[in-house]
file model.pdb (PDB, C-alpha atoms)
ATOM      1  CA  MET P 831     -29.408  16.045   8.565
ATOM      2  CA  LEU P 832     -28.183  16.909  12.062
ATOM      3  CA  ASN P 833     -31.757  17.135  13.272
ATOM      4  CA  ASN P 834     -32.429  13.637  11.915
ATOM      5  CA  VAL P 835     -29.405  12.287  13.801
ATOM      6  CA  LYS P 836     -30.528  13.965  17.028
ATOM      7  CA  SER P 837     -34.034  12.621  16.535
ATOM      8  CA  GLY P 838     -32.682   9.123  15.949
ATOM      9  CA  LEU P 839     -30.507   9.284  19.069
ATOM     10  CA  ALA P 840     -33.419  10.529  21.165
ATOM     11  CA  CYS P 841     -35.573   7.697  19.862
ATOM     12  CA  LYS P 842     -32.906   5.121  20.676
ATOM     13  CA  THR P 843     -32.421   6.632  24.149
ATOM     14  CA  HIS P 844     -36.154   6.502  24.740
ATOM     15  CA  LEU P 845     -36.294   2.875  23.610
ATOM     16  CA  ALA P 846     -33.295   2.003  25.807
ATOM     17  CA  GLY P 847     -34.996   3.630  28.789
ATOM     18  CA  ASN P 848     -38.157   1.641  28.175
ATOM     19  CA  THR P 849     -36.112  -1.547  27.830
ATOM     20  CA  ILE P 850     -34.361  -0.949  31.168
ATOM     21  CA  TYR P 851     -37.693  -0.101  32.829
ATOM     22  CA  LEU P 852     -39.275  -3.264  31.419
ATOM     23  CA  SER P 853     -36.285  -5.334  32.549
ATOM     24  CA  LEU P 854     -36.625  -3.959  36.073
ATOM     25  CA  LEU P 855     -40.322  -4.831  36.130
ATOM     26  CA  ILE P 856     -39.561  -8.397  35.028
ATOM     27  CA  LEU P 857     -36.820  -8.692  37.664
ATOM     28  CA  LEU P 858     -39.127  -7.433  40.407
ATOM     29  CA  PHE P 859     -41.815  -9.846  39.258
ATOM     30  CA  TYR P 860     -39.482 -12.779  39.846
ATOM     31  CA  LEU P 861     -38.038 -11.425  43.099
ATOM     32  CA  ILE P 862     -41.351 -10.697  44.803
ATOM     33  CA  PRO P 863     -42.664 -13.930  46.341
ATOM     34  CA  GLY P 864     -46.048 -15.245  45.365
ATOM     35  CA  PRO P 865     -49.013 -15.232  47.739
ATOM     36  CA  LEU P 866     -48.153 -17.084  50.958
ATOM     37  CA  GLN P 867     -50.401 -19.594  52.616
ATOM     38  CA  GLY P 868     -52.780 -17.721  54.892
ATOM     39  CA  PRO P 869     -52.632 -17.692  58.690
ATOM     40  CA  ASP P 870     -55.125 -20.561  58.733
ATOM     41  CA  TYR P 871     -52.258 -22.972  58.031
ATOM     42  CA  TRP P 872     -51.641 -23.094  61.782
ATOM     43  CA  ALA P 873     -55.008 -24.823  62.209
ATOM     44  CA  ASN P 874     -53.221 -27.992  61.039
ATOM     45  CA  ALA P 875     -50.441 -27.716  63.627
ATOM     46  CA  PRO P 876     -49.751 -31.025  65.423
ATOM     47  CA  THR P 877     -50.800 -31.625  69.030
ATOM     48  CA  THR P 878     -48.552 -34.646  69.618
ATOM     49  CA  GLY P 879     -45.086 -33.107  69.649
ATOM     50  CA  THR P 880     -42.437 -33.309  72.342
ATOM     51  CA  LYS P 881     -43.435 -32.386  75.881
ATOM     52  CA  ILE P 882     -41.650 -29.193  76.967
ATOM     53  CA  PHE P 883     -42.900 -28.636  80.531
ATOM     54  CA  SER P 884     -45.141 -30.140  83.180
ATOM     55  CA  ILE P 885     -46.584 -27.263  85.216
ATOM     56  CA  SER P 886     -48.276 -27.533  88.604
ATOM     57  CA  PHE P 887     -49.498 -25.078  91.247
ATOM     58  CA  THR P 888     -50.210 -25.867  94.913
ATOM     59  CA  ASN P 889     -51.839 -22.496  95.610
ATOM     60  CA  TYR P 890     -52.591 -19.307  93.737
ATOM     61  CA  LYS P 891     -48.976 -18.110  93.829
ATOM     62  CA  ASP P 892     -46.624 -21.070  94.187
ATOM     63  CA  GLY P 893     -45.902 -23.400  91.302
ATOM     64  CA  GLU P 894     -43.238 -25.368  89.508
ATOM     65  CA  ALA P 895     -42.429 -26.258  85.923
ATOM     66  CA  VAL P 896     -40.362 -29.346  85.182
ATOM     67  CA  SER P 897     -38.725 -29.362  81.766
ATOM     68  CA  ALA P 898     -38.277 -32.400  79.558
ATOM     69  CA  GLU P 899     -34.610 -32.316  80.561
ATOM     70  CA  GLY P 900     -35.442 -32.460  84.266
ATOM     71  CA  ASP P 901     -34.750 -28.818  85.115
ATOM     72  CA  VAL P 902     -37.133 -27.401  87.704
ATOM     73  CA  LEU P 903     -38.236 -23.772  87.606
ATOM     74  CA  VAL P 904     -40.348 -22.321  90.394
ATOM     75  CA  THR P 905     -42.588 -19.284  90.772
ATOM     76  CA  THR P 906     -43.951 -17.527  93.863
ATOM     77  CA  ASP P 907     -45.878 -14.775  92.070
ATOM     78  CA  SER P 908     -48.562 -16.637  90.116
ATOM     79  CA  GLY P 909     -46.267 -17.327  87.169
ATOM     80  CA  LYS P 910     -45.042 -13.808  86.486
ATOM     81  CA  THR P 911     -41.409 -14.826  87.051
ATOM     82  CA  TRP P 912     -39.730 -18.226  87.117
ATOM     83  CA  ASN P 913     -36.319 -19.161  88.537
ATOM     84  CA  LEU P 914     -34.219 -22.287  88.309
ATOM     85  CA  LYS P 915     -34.305 -24.227  91.562
ATOM     86  CA  SER P 916     -31.356 -26.453  92.448
ATOM     87  CA  ASN P 917     -31.811 -29.597  94.552
ATOM     88  CA  PHE P 918     -35.547 -29.058  94.560
ATOM     89  CA  SER P 919     -37.935 -31.836  95.563
ATOM     90  CA  ARG P 920     -40.928 -31.998  93.298
ATOM     91  CA  ILE P 921     -44.292 -31.178  94.789
ATOM     92  CA  ASP P 922     -46.098 -34.281  95.970
ATOM     93  CA  ASN P 923     -49.748 -34.645  95.113
ATOM     94  CA  LYS P 924     -50.921 -35.351  98.647
ATOM     95  CA  VAL P 925     -54.190 -34.558 100.354
ATOM     96  CA  SER P 926     -52.346 -32.212 102.741
ATOM     97  CA  ASN P 927     -50.798 -30.333  99.828
ATOM     98  CA  PRO P 928     -53.085 -30.778  96.822
ATOM     99  CA  PHE P 929     -52.622 -29.363  93.374
ATOM    100  CA  ILE P 930     -54.759 -26.393  92.469
ATOM    101  CA  TRP P 931     -54.058 -27.116  88.831
ATOM    102  CA  LYS P 932     -51.555 -28.886  86.652
ATOM    103  CA  ALA P 933     -50.984 -29.303  82.943
ATOM    104  CA  ASP P 934     -48.512 -30.467  80.320
ATOM    105  CA  ILE P 935     -47.131 -28.177  77.625
ATOM    106  CA  TYR P 936     -46.115 -29.713  74.304
ATOM    107  CA  CYS P 937     -44.103 -28.345  71.398
ATOM    108  CA  SER P 938     -45.858 -27.888  68.054
ATOM    109  CA  VAL P 939     -43.904 -27.511  64.789
ATOM    110  CA  MET P 940     -44.881 -26.795  61.184
ATOM    111  CA  GLN P 941     -42.483 -26.891  58.224
ATOM    112  CA  THR P 942     -42.384 -25.296  54.784
ATOM    113  CA  THR P 943     -40.036 -26.138  51.922
ATOM    114  CA  ASP P 944     -41.377 -23.685  49.346
ATOM    115  CA  GLY P 945     -40.830 -20.324  50.985
ATOM    116  CA  GLY P 946     -44.021 -20.361  53.040
ATOM    117  CA  LYS P 947     -46.535 -21.103  50.304
ATOM    118  CA  ASN P 948     -47.429 -24.393  51.974
ATOM    119  CA  TRP P 949     -46.933 -25.627  55.533
ATOM    120  CA  VAL P 950     -47.180 -29.188  56.849
ATOM    121  CA  PRO P 951     -47.064 -30.642  60.377
ATOM    122  CA  TYR P 952     -43.571 -31.743  61.375
ATOM    123  CA  ASN P 953     -43.666 -35.049  63.258
ATOM    124  CA  LYS P 954     -40.694 -36.865  61.745
ATOM    125  CA  GLU P 955     -38.650 -36.888  64.954
ATOM    126  CA  LYS P 956     -38.627 -35.488  68.442
ATOM    127  CA  GLN P 957     -38.538 -31.718  68.310
ATOM    128  CA  GLU P 958     -35.990 -31.027  71.078
ATOM    129  CA  HIS P 959     -33.959 -28.973  68.613
ATOM    130  CA  PHE P 960     -36.920 -26.653  68.073
ATOM    131  CA  CYS P 961     -38.386 -26.797  71.567
ATOM    132  CA  GLY P 962     -35.081 -25.638  73.017
ATOM    133  CA  VAL P 963     -36.166 -22.116  72.110
ATOM    134  CA  TYR P 964     -38.551 -22.308  75.088
ATOM    135  CA  LEU P 965     -35.998 -23.646  77.583
ATOM    136  CA  LYS P 966     -32.640 -21.879  77.757
ATOM    137  CA  ASP P 967     -30.783 -19.267  75.734
ATOM    138  CA  PRO P 968     -26.955 -19.350  75.604
ATOM    139  CA  ASN P 969     -26.816 -15.627  76.438
ATOM    140  CA  SER P 970     -29.749 -15.011  78.770
ATOM    141  CA  GLY P 971     -29.925 -18.462  80.358
ATOM    142  CA  TYR P 972     -33.307 -19.378  81.784
ATOM    143  CA  LYS P 973     -34.822 -15.954  81.207
ATOM    144  CA  VAL P 974     -36.320 -17.242  77.959
ATOM    145  CA  ALA P 975     -37.975 -20.072  79.904
ATOM    146  CA  SER P 976     -39.295 -17.592  82.473
ATOM    147  CA  ASP P 977     -40.785 -15.381  79.756
ATOM    148  CA  PHE P 978     -42.335 -18.367  78.003
ATOM    149  CA  LEU P 979     -43.835 -19.811  81.210
ATOM    150  CA  ASN P 980     -45.189 -16.386  82.139
ATOM    151  CA  LYS P 981     -47.005 -16.204  78.809
ATOM    152  CA  VAL P 982     -48.345 -19.754  79.097
ATOM    153  CA  THR P 983     -49.583 -19.503  82.690
ATOM    154  CA  THR P 984     -51.173 -16.112  82.027
ATOM    155  CA  MET P 985     -53.135 -17.541  79.105
ATOM    156  CA  ILE P 986     -54.170 -20.611  81.100
ATOM    157  CA  LEU P 987     -55.374 -18.575  84.084
ATOM    158  CA  SER P 988     -57.165 -16.003  81.924
ATOM    159  CA  ASN P 989     -58.991 -18.649  79.916
ATOM    160  CA  ASN P 990     -59.890 -20.612  83.038
ATOM    161  CA  ILE P 991     -61.403 -17.548  84.707
ATOM    162  CA  ASP P 992     -63.548 -16.939  81.627
ATOM    163  CA  ASP P 993     -64.575 -20.623  81.515
ATOM    164  CA  GLU P 994     -62.820 -20.862  78.152
ATOM    165  CA  ILE P 995     -60.028 -23.302  78.987
ATOM    166  CA  ASN P 996     -61.306 -25.552  76.192
ATOM    167  CA  LEU P 997     -60.148 -22.888  73.727
ATOM    168  CA  LEU P 998     -56.580 -23.843  74.694
ATOM    169  CA  LEU P 999     -56.848 -27.577  75.290
ATOM    170  CA  ASN P1000     -55.322 -29.536  72.404
ATOM    171  CA  LYS P1001     -55.277 -26.359  70.296
ATOM    172  CA  PRO P1002     -51.703 -25.307  69.451
ATOM    173  CA  GLN P1003     -50.826 -21.653  70.016
ATOM    174  CA  GLN P1004     -48.369 -20.174  67.533
ATOM    175  CA  CYS P1005     -45.295 -18.301  68.788
ATOM    176  CA  THR P1006     -42.990 -17.554  65.881
ATOM    177  CA  GLU P1007     -41.767 -18.327  62.357
ATOM    178  CA  TYR P1008     -38.198 -18.433  61.116
ATOM    179  CA  PHE P1009     -36.480 -19.405  57.865
ATOM    180  CA  ARG P1010     -33.191 -21.259  57.483
ATOM    181  CA  SER P1011     -33.080 -20.504  53.755
ATOM    182  CA  ALA P1012     -35.247 -18.901  51.092
ATOM    183  CA  ASP P1013     -37.319 -22.094  50.882
ATOM    184  CA  GLU P1014     -37.056 -23.922  54.207
ATOM    185  CA  GLY P1015     -38.811 -22.477  57.222
ATOM    186  CA  TRP P1016     -40.371 -23.441  60.523
ATOM    187  CA  ALA P1017     -43.338 -22.280  62.561
ATOM    188  CA  LEU P1018     -43.197 -22.975  66.288
ATOM    189  CA  GLY P1019     -45.840 -23.022  68.978
ATOM    190  CA  TRP P1020     -47.067 -24.812  72.080
ATOM    191  CA  CYS P1021     -50.046 -26.928  72.995
ATOM    192  CA  LEU P1022     -51.841 -27.337  76.335
ATOM    193  CA  LYS P1023     -52.683 -30.920  77.247
ATOM    194  CA  ASN P1024     -53.809 -32.869  80.322
ATOM    195  CA  PHE P1025     -55.152 -29.832  82.176
ATOM    196  CA  ASP P1026     -56.457 -30.832  85.612
ATOM    197  CA  HIS P1027     -57.972 -28.667  88.338
ATOM    198  CA  GLN P1028     -59.995 -31.185  90.311
ATOM    199  CA  SER P1029     -59.231 -29.666  93.709
ATOM    200  CA  MET P1030     -60.746 -26.258  93.000
ATOM    201  CA  ALA P1031     -63.812 -24.692  91.488
ATOM    202  CA  LYS P1032     -61.833 -22.097  89.524
ATOM    203  CA  VAL P1033     -58.336 -20.656  89.489
ATOM    204  CA  LYS P1034     -58.144 -16.938  90.255
ATOM    205  CA  ILE P1035     -55.386 -14.498  89.375
ATOM    206  CA  LYS P1036     -54.095 -12.685  92.412
TER     207      LYS P1036
END

call {"tool": "encode", "arguments": {"input": "model.pdb", "output": "structure tokens"}}
result
Amino acid sequence: MLNNVKSGLACKTHLAGNTIYLSLLILLFYLIPGPLQGPDYWANAPTTGTKIFSISFTNYKDGEAVSAEGDVLVTTDSGKTWNLKSNFSRIDNKVSNPFIWKADIYCSVMQTTDGGKNWVPYNKEKQEHFCGVYLKDPNSGYKVASDFLNKVTTMILSNNIDDEINLLLNKPQQCTEYFRSADEGWALGWCLKNFDHQSMAKVKIK
């Protein structure tokens, strides 16, 4: 009799363990997100967002970047570092001081409302709220702009040297993704437009 009771308890314990295990599997199934949209979603990123910077260089080392807010950052080391310049007169496009190259940088934004399964271009309004990530950080100030401009100018110069500038023109480059909730997220990038280097055969990195 006692053996039958022990056997019954063992059976019930075994069944309870299986039930808990099965419950955990079901819970994990619902918690693990489904397959996300592949990286190709960025191919649909918009090219007509808000302009972030207008960049221009007068020689291989000296350049300026004017933000959409009118701030002027300058570089003297081919774009490696950029510093805010106060009371700075913008470079004039004169014959005596011609541009080596100039270009406009635009913000590109994609949005998801289903946890990243699907992404769509975000063009509903100006994207200053998103583009601010490339301009100024409350803690580090214009360092974020310097880092961003360094990355952009390096890519422009490298692609121009390899005669592959068309790989950047009107082709948004992705920077980051972030989510405001489990469902709503944003993908941010930048797009090169209006690249002009009429006064030189090819830009070189010094």

call {"tool": "resolve_selection", "arguments": {"input": "model.pdb", "expression": "the PyMOL selection byres ((chain P and resi 1000) around 8)", "output": "list in words"}}
result
Thr877, Leu998, Leu999, Lys1001, Pro1002, Cys1021, Leu1022 and Lys1023 of chain P

call {"tool": "atom_distance", "arguments": {"input": "model.pdb", "atom1": "atom CA of P:Leu914", "atom2": "atom CA of P:Leu965"}}
result
11.0 Å

call {"tool": "atom_distance", "arguments": {"input": "model.pdb", "atom1": "atom CA of P:Ala875", "atom2": "atom CA of P:Gly893"}}
result
28.4 Å

call {"tool": "residues_around", "arguments": {"input": "model.pdb", "residues": "P:Ala1012", "least_positions_apart": "2", "cutoff": "7 Å", "atoms": "only C-alpha atoms", "output": "VMD selection string"}}
result
chain P and resid 945 1009 1014

call {"tool": "residues_around", "arguments": {"input": "model.pdb", "residues": "P:Asp901", "least_positions_apart": "4", "cutoff": "10 Å", "atoms": "only C-alpha atoms", "output": "list of chain:residue names"}}
result
P:Phe883, P:Ala895, P:Val896, P:Ser897, P:Leu914, P:Lys915, P:Ser916, P:Asn917, P:Phe918, P:Leu965
